Amino acid sequence: MQLAYVFLGYFLGSMLFGYRITWLLKGVDIRKLAEDENPGTYNAFVFGGFWCGILTLLADMGKGYLPVILYRQNYSTEELIFALVMAAPVFGHAFSIFHGRKGGKGIAVSFGVLLALFPIWKPVLLLAFFYILFSVVFKIRSHRRRSIVTFGCFCVGCLSLVPIPAILLGCVLISCIVIYKHHLMEEKSNESANLIL
């Protein structure tokens with residue numbers, strides 16, 4: 001029965017709301033307009049406008065939040081399968097079953113998953129901290145590389161700050177998915193980034 005939450009997470013994750021919302025409200029396919037072909041929150045803001053972006057952000061975070069919170073209402077987070085429940089929405093978003101295994105980068109979905117861990121705040125605060133650090137203090141201009149560095153540091157930080165093995169494994173799996181997805185997009189675009197100290 002617990003495996004059902006993994007499938008639910010992957011199913012919800014595979015729904016690319018950025019694509020559907022901008023198509024319904026603006027009549028545009030952001031996958032074709034965006035250079036990186038990413039149907040995620042950022043491109044929904046850029047090509048769909050404020051409301052498309054907000055709706056996409058909420059929907060993407062929601063599809064990460066829902067399966068995790070439903071699982072937690074019925075089962076223990078200390079069981080290792082919980083790691084798969086955490087990773088499933090992110091994996092579905094990155095490799096959607098409804099869009100030929102193509103999808104977004106998984107950032108908003110990751111935050112949704114981590115918010116569902118409340119009252120365990122350390123993972124989501126750690127991820128937010130590193131995003132702010134590399135966006136404001138040590139500016140990495142390339143969004144892709146900033147995300148790769150952020151999730152890499154997040155993964156390492158979780159090793160010392162997250163004591164529950166299943167949650168730690170879930171954070172590691174999420175990091176691997178997001179980093180791998182960004183690496184694939186980096187190879188496609190051959191984009192360069194500057195680190196300004």
# chains A, B, ... in the order shown; residues from 1 in each chain; ligands from 1
$ closest_atom_pairs --of "stretch 93-183 of chain A" --to "stretch 27-45 of chain A" --cutoff "8 Å" --atoms "only C-alpha atoms" --output "JSON lines"
{"residue": "A:Gly103", "atom": "CA", "partner": "A:Asn38", "partner_atom": "CA", "distance": 6.5}
{"residue": "A:Gly104", "atom": "CA", "partner": "A:Asn38", "partner_atom": "CA", "distance": 5.0}
{"residue": "A:Lys105", "atom": "CA", "partner": "A:Gly40", "partner_atom": "CA", "distance": 7.0}
{"residue": "A:Gly106", "atom": "CA", "partner": "A:Gly40", "partner_atom": "CA", "distance": 7.8}
{"residue": "A:Ala108", "atom": "CA", "partner": "A:Thr41", "partner_atom": "CA", "distance": 7.2}
$ write_last_selection --atoms "N, CA and C atoms" --output "compact mmCIF listing (two decimals), in the first residue's frame"
# COMPACT_ATOMS: atom_id res chain seq x y z
N GLY A 103 10.59 16.94 -19.30
CA GLY A 103 9.92 17.72 -18.28
C GLY A 103 10.73 18.90 -17.81
N GLY A 104 10.45 19.34 -16.60
CA GLY A 104 11.12 20.51 -16.05
C GLY A 104 12.31 20.15 -15.19
N LYS A 105 12.77 21.14 -14.45
CA LYS A 105 14.00 20.97 -13.66
C LYS A 105 13.74 20.50 -12.23
N GLY A 106 12.53 20.69 -11.75
CA GLY A 106 12.16 20.13 -10.46
C GLY A 106 12.42 20.98 -9.24
N ALA A 108 10.73 23.92 -7.98
CA ALA A 108 9.53 24.24 -7.20
C ALA A 108 8.94 22.98 -6.57
$ atom_distance --atom1 "atom CA of A:Phe7" --atom2 "atom CA of A:Cys155"
24.1 Å
$ atom_distance --atom1 "atom CA of A:Pro89" --atom2 "atom CA of A:Ser142"
25.0 Å
$ residues_around --residues "A:Gly64" --least-positions-apart "2" --cutoff "8 Å" --atoms "only C-alpha atoms" --output "NGL selection string"
:A and (9 or 12-13 or 60-62 or 66-68 or 86 or 89-90 or 109-113)
$ write_last_selection --atoms "C-alpha atoms" --output "PDB file, in the first residue's frame"
ATOM      1  CA  GLY A   9       3.879  11.145  -6.556  1.00  0.00           C
ATOM      2  CA  LEU A  12       1.271  14.063 -10.046  1.00  0.00           C
ATOM      3  CA  GLY A  13       4.844  15.048 -10.819  1.00  0.00           C
ATOM      4  CA  ASP A  60       4.205  22.613  -8.875  1.00  0.00           C
ATOM      5  CA  MET A  61       4.805  23.000  -5.158  1.00  0.00           C
ATOM      6  CA  GLY A  62       1.437  21.410  -4.464  1.00  0.00           C
ATOM      7  CA  LEU A  66       0.450  16.394  -1.557  1.00  0.00           C
ATOM      8  CA  PRO A  67       1.809  12.824  -1.814  1.00  0.00           C
ATOM      9  CA  VAL A  68       4.321  13.448   0.966  1.00  0.00           C
ATOM     10  CA  MET A  86       9.848  12.192  -1.526  1.00  0.00           C
ATOM     11  CA  PRO A  89       7.164  13.898  -7.656  1.00  0.00           C
ATOM     12  CA  VAL A  90      10.527  15.417  -8.580  1.00  0.00           C
ATOM     13  CA  VAL A 109       8.461  20.614  -6.782  1.00  0.00           C
ATOM     14  CA  SER A 110      11.457  20.003  -4.521  1.00  0.00           C
ATOM     15  CA  PHE A 111      10.446  22.891  -2.275  1.00  0.00           C
ATOM     16  CA  GLY A 112       6.912  21.486  -2.119  1.00  0.00           C
ATOM     17  CA  VAL A 113       8.230  18.098  -1.020  1.00  0.00           C
TER      18      VAL A 113
END
$ residues_around --residues "A:Phe154" --least-positions-apart "2" --cutoff "10 Å" --atoms "only C-alpha atoms" --output "mmCIF file with C-alpha atoms, in the first residue's frame"
data_model
loop_
_atom_site.group_PDB
_atom_site.id
_atom_site.type_symbol
_atom_site.label_atom_id
_atom_site.label_comp_id
_atom_site.auth_asym_id
_atom_site.auth_seq_id
_atom_site.Cartn_x
_atom_site.Cartn_y
_atom_site.Cartn_z
ATOM 1 C CA PRO A 123 15.956 20.584 4.736
ATOM 2 C CA VAL A 124 13.778 23.330 3.236
ATOM 3 C CA LEU A 125 15.635 26.090 5.105
ATOM 4 C CA LEU A 126 18.957 24.646 3.984
ATOM 5 C CA LEU A 127 17.891 24.596 0.332
ATOM 6 C CA ALA A 128 16.532 28.149 0.563
ATOM 7 C CA PHE A 129 19.741 29.302 2.269
ATOM 8 C CA PHE A 130 21.982 28.003 -0.504
ATOM 9 C CA TYR A 131 19.744 29.491 -3.220
ATOM 10 C CA ILE A 148 23.604 22.542 -9.663
ATOM 11 C CA VAL A 149 25.860 24.130 -7.032
ATOM 12 C CA THR A 150 22.899 24.808 -4.734
ATOM 13 C CA PHE A 151 21.589 21.258 -4.781
ATOM 14 C CA GLY A 152 25.119 19.896 -4.462
ATOM 15 C CA VAL A 156 26.244 17.690 1.478
ATOM 16 C CA GLY A 157 24.605 19.825 4.161
ATOM 17 C CA CYS A 158 21.849 17.277 4.698
ATOM 18 C CA LEU A 159 24.451 14.631 5.510
ATOM 19 C CA CYS A 171 17.025 14.645 0.015
ATOM 20 C CA VAL A 172 19.982 12.938 -1.663
ATOM 21 C CA SER A 175 19.455 16.410 -5.344
#
$ atom_distance --atom1 "atom CA of A:Ile69" --atom2 "atom CA of A:Cys52"
25.2 Å
$ select_by_dssp --residues "chain A" --states "helix (DSSP H, G or I)" --output "PyMOL selection string"
chain A and resi 3-13+17-26+30-33+41-48+50-74+81-94+107-115+122-137+143-161+165-189
$ write_last_selection --atoms "C-alpha atoms" --output "compact mmCIF listing (two decimals), in the first residue's frame"
# COMPACT_ATOMS: atom_id res chain seq x y z
CA LEU A 3 4.07 1.93 -2.81
CA ALA A 4 0.86 3.60 -3.99
CA TYR A 5 2.18 6.92 -2.68
CA VAL A 6 5.28 6.53 -4.84
CA PHE A 7 3.11 6.02 -7.93
CA LEU A 8 0.85 8.89 -6.88
CA GLY A 9 3.88 11.15 -6.56
CA TYR A 10 5.22 10.17 -9.96
CA PHE A 11 1.77 10.60 -11.55
CA LEU A 12 1.27 14.06 -10.05
CA GLY A 13 4.84 15.05 -10.82
CA PHE A 17 1.30 22.53 -14.98
CA GLY A 18 3.52 25.25 -16.43
CA TYR A 19 2.78 23.95 -19.91
CA ARG A 20 -0.94 23.44 -19.30
CA ILE A 21 -1.61 26.71 -17.47
CA THR A 22 0.15 28.94 -20.02
CA TRP A 23 -1.55 27.04 -22.84
CA LEU A 24 -5.00 27.51 -21.30
CA LEU A 25 -4.58 31.14 -20.21
CA LYS A 26 -2.28 32.51 -22.91
CA ILE A 30 6.34 27.61 -23.27
CA ARG A 31 8.36 24.54 -24.22
CA LYS A 32 8.71 25.97 -27.71
CA LEU A 33 9.30 29.56 -26.62
CA THR A 41 7.75 28.06 -13.00
CA TYR A 42 10.41 30.49 -14.22
CA ASN A 43 9.39 30.20 -17.87
CA ALA A 44 5.72 30.40 -16.90
CA PHE A 45 6.47 33.83 -15.39
CA VAL A 46 8.55 34.92 -18.39
CA PHE A 47 6.25 33.78 -21.19
CA GLY A 48 2.88 33.63 -19.44
CA PHE A 50 2.51 37.05 -13.39
CA TRP A 51 -0.63 34.99 -12.89
CA CYS A 52 0.56 32.09 -15.01
CA GLY A 53 3.76 32.09 -13.00
CA ILE A 54 2.00 32.22 -9.62
CA LEU A 55 -0.45 29.46 -10.55
CA THR A 56 2.38 27.30 -11.87
CA LEU A 57 4.44 27.88 -8.73
CA LEU A 58 1.55 26.88 -6.46
CA ALA A 59 0.63 23.86 -8.60
CA ASP A 60 4.21 22.61 -8.87
CA MET A 61 4.81 23.00 -5.16
CA GLY A 62 1.44 21.41 -4.46
CA LYS A 63 2.15 18.29 -6.48
CA GLY A 64 5.31 17.79 -4.44
CA TYR A 65 3.57 18.55 -1.15
CA LEU A 66 0.45 16.39 -1.56
CA PRO A 67 1.81 12.82 -1.81
CA VAL A 68 4.32 13.45 0.97
CA ILE A 69 1.80 14.88 3.42
CA LEU A 70 -0.70 12.12 2.62
CA TYR A 71 1.93 9.48 3.29
CA ARG A 72 2.93 11.12 6.57
CA GLN A 73 -0.67 11.04 7.78
CA ASN A 74 -0.69 7.25 7.53
CA ILE A 81 10.28 3.76 1.25
CA PHE A 82 9.53 7.32 2.35
CA ALA A 83 12.66 8.37 0.47
CA LEU A 84 11.02 7.17 -2.76
CA VAL A 85 7.81 9.00 -1.86
CA MET A 86 9.85 12.19 -1.53
CA ALA A 87 11.73 11.68 -4.79
CA ALA A 88 8.81 10.49 -6.94
CA PRO A 89 7.16 13.90 -7.66
CA VAL A 90 10.53 15.42 -8.58
CA PHE A 91 11.38 12.49 -10.84
CA GLY A 92 7.95 12.69 -12.47
CA HIS A 93 8.36 16.41 -13.11
CA ALA A 94 11.82 15.93 -14.61
CA ILE A 107 13.01 23.10 -8.26
CA ALA A 108 9.53 24.24 -7.20
CA VAL A 109 8.46 20.61 -6.78
CA SER A 110 11.46 20.00 -4.52
CA PHE A 111 10.45 22.89 -2.28
CA GLY A 112 6.91 21.49 -2.12
CA VAL A 113 8.23 18.10 -1.02
CA LEU A 114 10.45 19.65 1.65
CA LEU A 115 7.67 21.89 2.98
CA LYS A 122 16.06 21.99 8.31
CA PRO A 123 15.96 20.58 4.74
CA VAL A 124 13.78 23.33 3.24
CA LEU A 125 15.64 26.09 5.11
CA LEU A 126 18.96 24.65 3.98
CA LEU A 127 17.89 24.60 0.33
CA ALA A 128 16.53 28.15 0.56
CA PHE A 129 19.74 29.30 2.27
CA PHE A 130 21.98 28.00 -0.50
CA TYR A 131 19.74 29.49 -3.22
CA ILE A 132 19.96 32.89 -1.55
CA LEU A 133 23.70 32.49 -0.94
CA PHE A 134 24.48 31.79 -4.60
CA SER A 135 21.96 34.33 -5.89
CA VAL A 136 22.92 37.29 -3.69
CA VAL A 137 26.29 36.82 -1.98
CA HIS A 143 20.59 29.71 -13.42
CA ARG A 144 21.48 26.15 -14.35
CA ARG A 145 24.86 26.18 -12.71
CA ARG A 146 23.52 28.03 -9.70
CA SER A 147 20.98 25.26 -9.22
CA ILE A 148 23.60 22.54 -9.66
CA VAL A 149 25.86 24.13 -7.03
CA THR A 150 22.90 24.81 -4.73
CA PHE A 151 21.59 21.26 -4.78
CA GLY A 152 25.12 19.90 -4.46
CA CYS A 153 25.69 21.94 -1.31
CA PHE A 154 22.20 21.08 -0.08
CA CYS A 155 22.98 17.38 -0.45
CA VAL A 156 26.24 17.69 1.48
CA GLY A 157 24.61 19.83 4.16
CA CYS A 158 21.85 17.28 4.70
CA LEU A 159 24.45 14.63 5.51
CA SER A 160 25.24 16.45 8.74
CA LEU A 161 21.91 18.12 9.54
CA PRO A 165 17.91 8.09 7.30
CA ALA A 166 14.80 7.95 5.08
CA ILE A 167 14.51 11.74 4.88
CA LEU A 168 18.25 12.07 4.30
CA LEU A 169 18.07 9.53 1.47
CA GLY A 170 15.08 11.37 0.02
CA CYS A 171 17.02 14.65 0.02
CA VAL A 172 19.98 12.94 -1.66
CA LEU A 173 17.75 11.39 -4.34
CA ILE A 174 16.06 14.73 -5.02
CA SER A 175 19.45 16.41 -5.34
CA CYS A 176 20.68 13.76 -7.77
CA ILE A 177 17.58 14.08 -9.96
CA VAL A 178 17.73 17.89 -10.10
CA ILE A 179 21.49 18.00 -10.71
CA TYR A 180 21.28 15.35 -13.43
CA LYS A 181 18.40 17.17 -15.13
CA HIS A 182 20.28 20.47 -15.05
CA HIS A 183 23.40 18.75 -16.35
CA LEU A 184 21.43 17.41 -19.32
CA MET A 185 20.15 20.90 -20.09
CA GLU A 186 23.64 22.35 -19.62
CA GLU A 187 25.00 19.98 -22.23
CA LYS A 188 22.24 20.99 -24.65
CA SER A 189 22.85 24.70 -24.37
$ select_by_dssp --residues "chain A" --states "strand (DSSP E)" --output "NGL selection string"
:A and (139-140 or 195-196)
$ decode --residues "stretch 33-139 of chain A" --atoms "C-alpha atoms" --output "PDB file, in the first residue's frame"
ATOM      1  CA  LEU A  33       9.295  29.560 -26.622  1.00  0.00           C
ATOM      2  CA  ALA A  34      11.891  28.878 -23.931  1.00  0.00           C
ATOM      3  CA  GLU A  35      15.481  28.309 -24.990  1.00  0.00           C
ATOM      4  CA  ASP A  36      15.827  25.466 -22.496  1.00  0.00           C
ATOM      5  CA  GLU A  37      12.397  23.994 -23.397  1.00  0.00           C
ATOM      6  CA  ASN A  38      11.620  23.879 -19.682  1.00  0.00           C
ATOM      7  CA  PRO A  39       7.891  23.977 -18.796  1.00  0.00           C
ATOM      8  CA  GLY A  40       8.581  25.150 -15.261  1.00  0.00           C
ATOM      9  CA  THR A  41       7.749  28.056 -13.004  1.00  0.00           C
ATOM     10  CA  TYR A  42      10.411  30.492 -14.224  1.00  0.00           C
ATOM     11  CA  ASN A  43       9.388  30.202 -17.871  1.00  0.00           C
ATOM     12  CA  ALA A  44       5.723  30.405 -16.896  1.00  0.00           C
ATOM     13  CA  PHE A  45       6.466  33.832 -15.388  1.00  0.00           C
ATOM     14  CA  VAL A  46       8.546  34.924 -18.390  1.00  0.00           C
ATOM     15  CA  PHE A  47       6.253  33.781 -21.187  1.00  0.00           C
ATOM     16  CA  GLY A  48       2.881  33.628 -19.436  1.00  0.00           C
ATOM     17  CA  GLY A  49       3.047  36.594 -17.107  1.00  0.00           C
ATOM     18  CA  PHE A  50       2.512  37.051 -13.391  1.00  0.00           C
ATOM     19  CA  TRP A  51      -0.628  34.989 -12.889  1.00  0.00           C
ATOM     20  CA  CYS A  52       0.559  32.087 -15.009  1.00  0.00           C
ATOM     21  CA  GLY A  53       3.759  32.093 -12.995  1.00  0.00           C
ATOM     22  CA  ILE A  54       2.001  32.219  -9.619  1.00  0.00           C
ATOM     23  CA  LEU A  55      -0.446  29.463 -10.550  1.00  0.00           C
ATOM     24  CA  THR A  56       2.375  27.295 -11.866  1.00  0.00           C
ATOM     25  CA  LEU A  57       4.437  27.880  -8.730  1.00  0.00           C
ATOM     26  CA  LEU A  58       1.552  26.879  -6.464  1.00  0.00           C
ATOM     27  CA  ALA A  59       0.629  23.865  -8.596  1.00  0.00           C
ATOM     28  CA  ASP A  60       4.205  22.613  -8.875  1.00  0.00           C
ATOM     29  CA  MET A  61       4.805  23.000  -5.158  1.00  0.00           C
ATOM     30  CA  GLY A  62       1.437  21.410  -4.464  1.00  0.00           C
ATOM     31  CA  LYS A  63       2.151  18.287  -6.477  1.00  0.00           C
ATOM     32  CA  GLY A  64       5.310  17.795  -4.437  1.00  0.00           C
ATOM     33  CA  TYR A  65       3.571  18.554  -1.149  1.00  0.00           C
ATOM     34  CA  LEU A  66       0.450  16.394  -1.557  1.00  0.00           C
ATOM     35  CA  PRO A  67       1.809  12.824  -1.814  1.00  0.00           C
ATOM     36  CA  VAL A  68       4.321  13.448   0.966  1.00  0.00           C
ATOM     37  CA  ILE A  69       1.799  14.879   3.417  1.00  0.00           C
ATOM     38  CA  LEU A  70      -0.703  12.117   2.619  1.00  0.00           C
ATOM     39  CA  TYR A  71       1.934   9.477   3.288  1.00  0.00           C
ATOM     40  CA  ARG A  72       2.930  11.119   6.569  1.00  0.00           C
ATOM     41  CA  GLN A  73      -0.672  11.037   7.778  1.00  0.00           C
ATOM     42  CA  ASN A  74      -0.692   7.252   7.533  1.00  0.00           C
ATOM     43  CA  TYR A  75       2.871   5.969   7.821  1.00  0.00           C
ATOM     44  CA  SER A  76       6.170   6.639   9.530  1.00  0.00           C
ATOM     45  CA  THR A  77       8.798   8.806   7.869  1.00  0.00           C
ATOM     46  CA  GLU A  78      11.451   6.502   9.273  1.00  0.00           C
ATOM     47  CA  GLU A  79      10.661   3.738   6.769  1.00  0.00           C
ATOM     48  CA  LEU A  80      13.064   3.821   3.834  1.00  0.00           C
ATOM     49  CA  ILE A  81      10.275   3.758   1.249  1.00  0.00           C
ATOM     50  CA  PHE A  82       9.527   7.323   2.352  1.00  0.00           C
ATOM     51  CA  ALA A  83      12.659   8.374   0.471  1.00  0.00           C
ATOM     52  CA  LEU A  84      11.024   7.170  -2.758  1.00  0.00           C
ATOM     53  CA  VAL A  85       7.811   8.998  -1.863  1.00  0.00           C
ATOM     54  CA  MET A  86       9.848  12.192  -1.526  1.00  0.00           C
ATOM     55  CA  ALA A  87      11.730  11.684  -4.785  1.00  0.00           C
ATOM     56  CA  ALA A  88       8.811  10.490  -6.939  1.00  0.00           C
ATOM     57  CA  PRO A  89       7.164  13.898  -7.656  1.00  0.00           C
ATOM     58  CA  VAL A  90      10.527  15.417  -8.580  1.00  0.00           C
ATOM     59  CA  PHE A  91      11.378  12.487 -10.836  1.00  0.00           C
ATOM     60  CA  GLY A  92       7.950  12.693 -12.473  1.00  0.00           C
ATOM     61  CA  HIS A  93       8.356  16.412 -13.112  1.00  0.00           C
ATOM     62  CA  ALA A  94      11.815  15.933 -14.615  1.00  0.00           C
ATOM     63  CA  PHE A  95      10.890  12.870 -16.676  1.00  0.00           C
ATOM     64  CA  SER A  96       7.149  13.110 -17.281  1.00  0.00           C
ATOM     65  CA  ILE A  97       5.336   9.961 -18.357  1.00  0.00           C
ATOM     66  CA  PHE A  98       2.839  12.167 -20.209  1.00  0.00           C
ATOM     67  CA  HIS A  99       5.432  14.086 -22.232  1.00  0.00           C
ATOM     68  CA  GLY A 100       7.819  11.488 -23.596  1.00  0.00           C
ATOM     69  CA  ARG A 101      10.039  11.425 -20.487  1.00  0.00           C
ATOM     70  CA  LYS A 102      10.697  15.133 -20.900  1.00  0.00           C
ATOM     71  CA  GLY A 103       9.921  17.719 -18.276  1.00  0.00           C
ATOM     72  CA  GLY A 104      11.117  20.511 -16.053  1.00  0.00           C
ATOM     73  CA  LYS A 105      13.999  20.971 -13.657  1.00  0.00           C
ATOM     74  CA  GLY A 106      12.161  20.128 -10.463  1.00  0.00           C
ATOM     75  CA  ILE A 107      13.015  23.098  -8.263  1.00  0.00           C
ATOM     76  CA  ALA A 108       9.533  24.241  -7.202  1.00  0.00           C
ATOM     77  CA  VAL A 109       8.461  20.614  -6.782  1.00  0.00           C
ATOM     78  CA  SER A 110      11.457  20.003  -4.521  1.00  0.00           C
ATOM     79  CA  PHE A 111      10.446  22.891  -2.275  1.00  0.00           C
ATOM     80  CA  GLY A 112       6.912  21.486  -2.119  1.00  0.00           C
ATOM     81  CA  VAL A 113       8.230  18.098  -1.020  1.00  0.00           C
ATOM     82  CA  LEU A 114      10.448  19.646   1.652  1.00  0.00           C
ATOM     83  CA  LEU A 115       7.666  21.893   2.979  1.00  0.00           C
ATOM     84  CA  ALA A 116       5.571  18.768   3.562  1.00  0.00           C
ATOM     85  CA  LEU A 117       8.173  17.596   6.095  1.00  0.00           C
ATOM     86  CA  PHE A 118       6.984  20.235   8.626  1.00  0.00           C
ATOM     87  CA  PRO A 119       7.777  20.437  11.542  1.00  0.00           C
ATOM     88  CA  ILE A 120      11.115  19.216  10.200  1.00  0.00           C
ATOM     89  CA  TRP A 121      12.348  22.553   8.818  1.00  0.00           C
ATOM     90  CA  LYS A 122      16.063  21.992   8.308  1.00  0.00           C
ATOM     91  CA  PRO A 123      15.956  20.584   4.736  1.00  0.00           C
ATOM     92  CA  VAL A 124      13.778  23.330   3.236  1.00  0.00           C
ATOM     93  CA  LEU A 125      15.635  26.090   5.105  1.00  0.00           C
ATOM     94  CA  LEU A 126      18.957  24.646   3.984  1.00  0.00           C
ATOM     95  CA  LEU A 127      17.891  24.596   0.332  1.00  0.00           C
ATOM     96  CA  ALA A 128      16.532  28.149   0.563  1.00  0.00           C
ATOM     97  CA  PHE A 129      19.741  29.302   2.269  1.00  0.00           C
ATOM     98  CA  PHE A 130      21.982  28.003  -0.504  1.00  0.00           C
ATOM     99  CA  TYR A 131      19.744  29.491  -3.220  1.00  0.00           C
ATOM    100  CA  ILE A 132      19.964  32.890  -1.545  1.00  0.00           C
ATOM    101  CA  LEU A 133      23.705  32.493  -0.945  1.00  0.00           C
ATOM    102  CA  PHE A 134      24.480  31.793  -4.598  1.00  0.00           C
ATOM    103  CA  SER A 135      21.956  34.327  -5.886  1.00  0.00           C
ATOM    104  CA  VAL A 136      22.916  37.291  -3.691  1.00  0.00           C
ATOM    105  CA  VAL A 137      26.285  36.818  -1.984  1.00  0.00           C
ATOM    106  CA  PHE A 138      28.322  34.609  -4.315  1.00  0.00           C
ATOM    107  CA  LYS A 139      26.432  35.312  -7.521  1.00  0.00           C
TER     108      LYS A 139
END
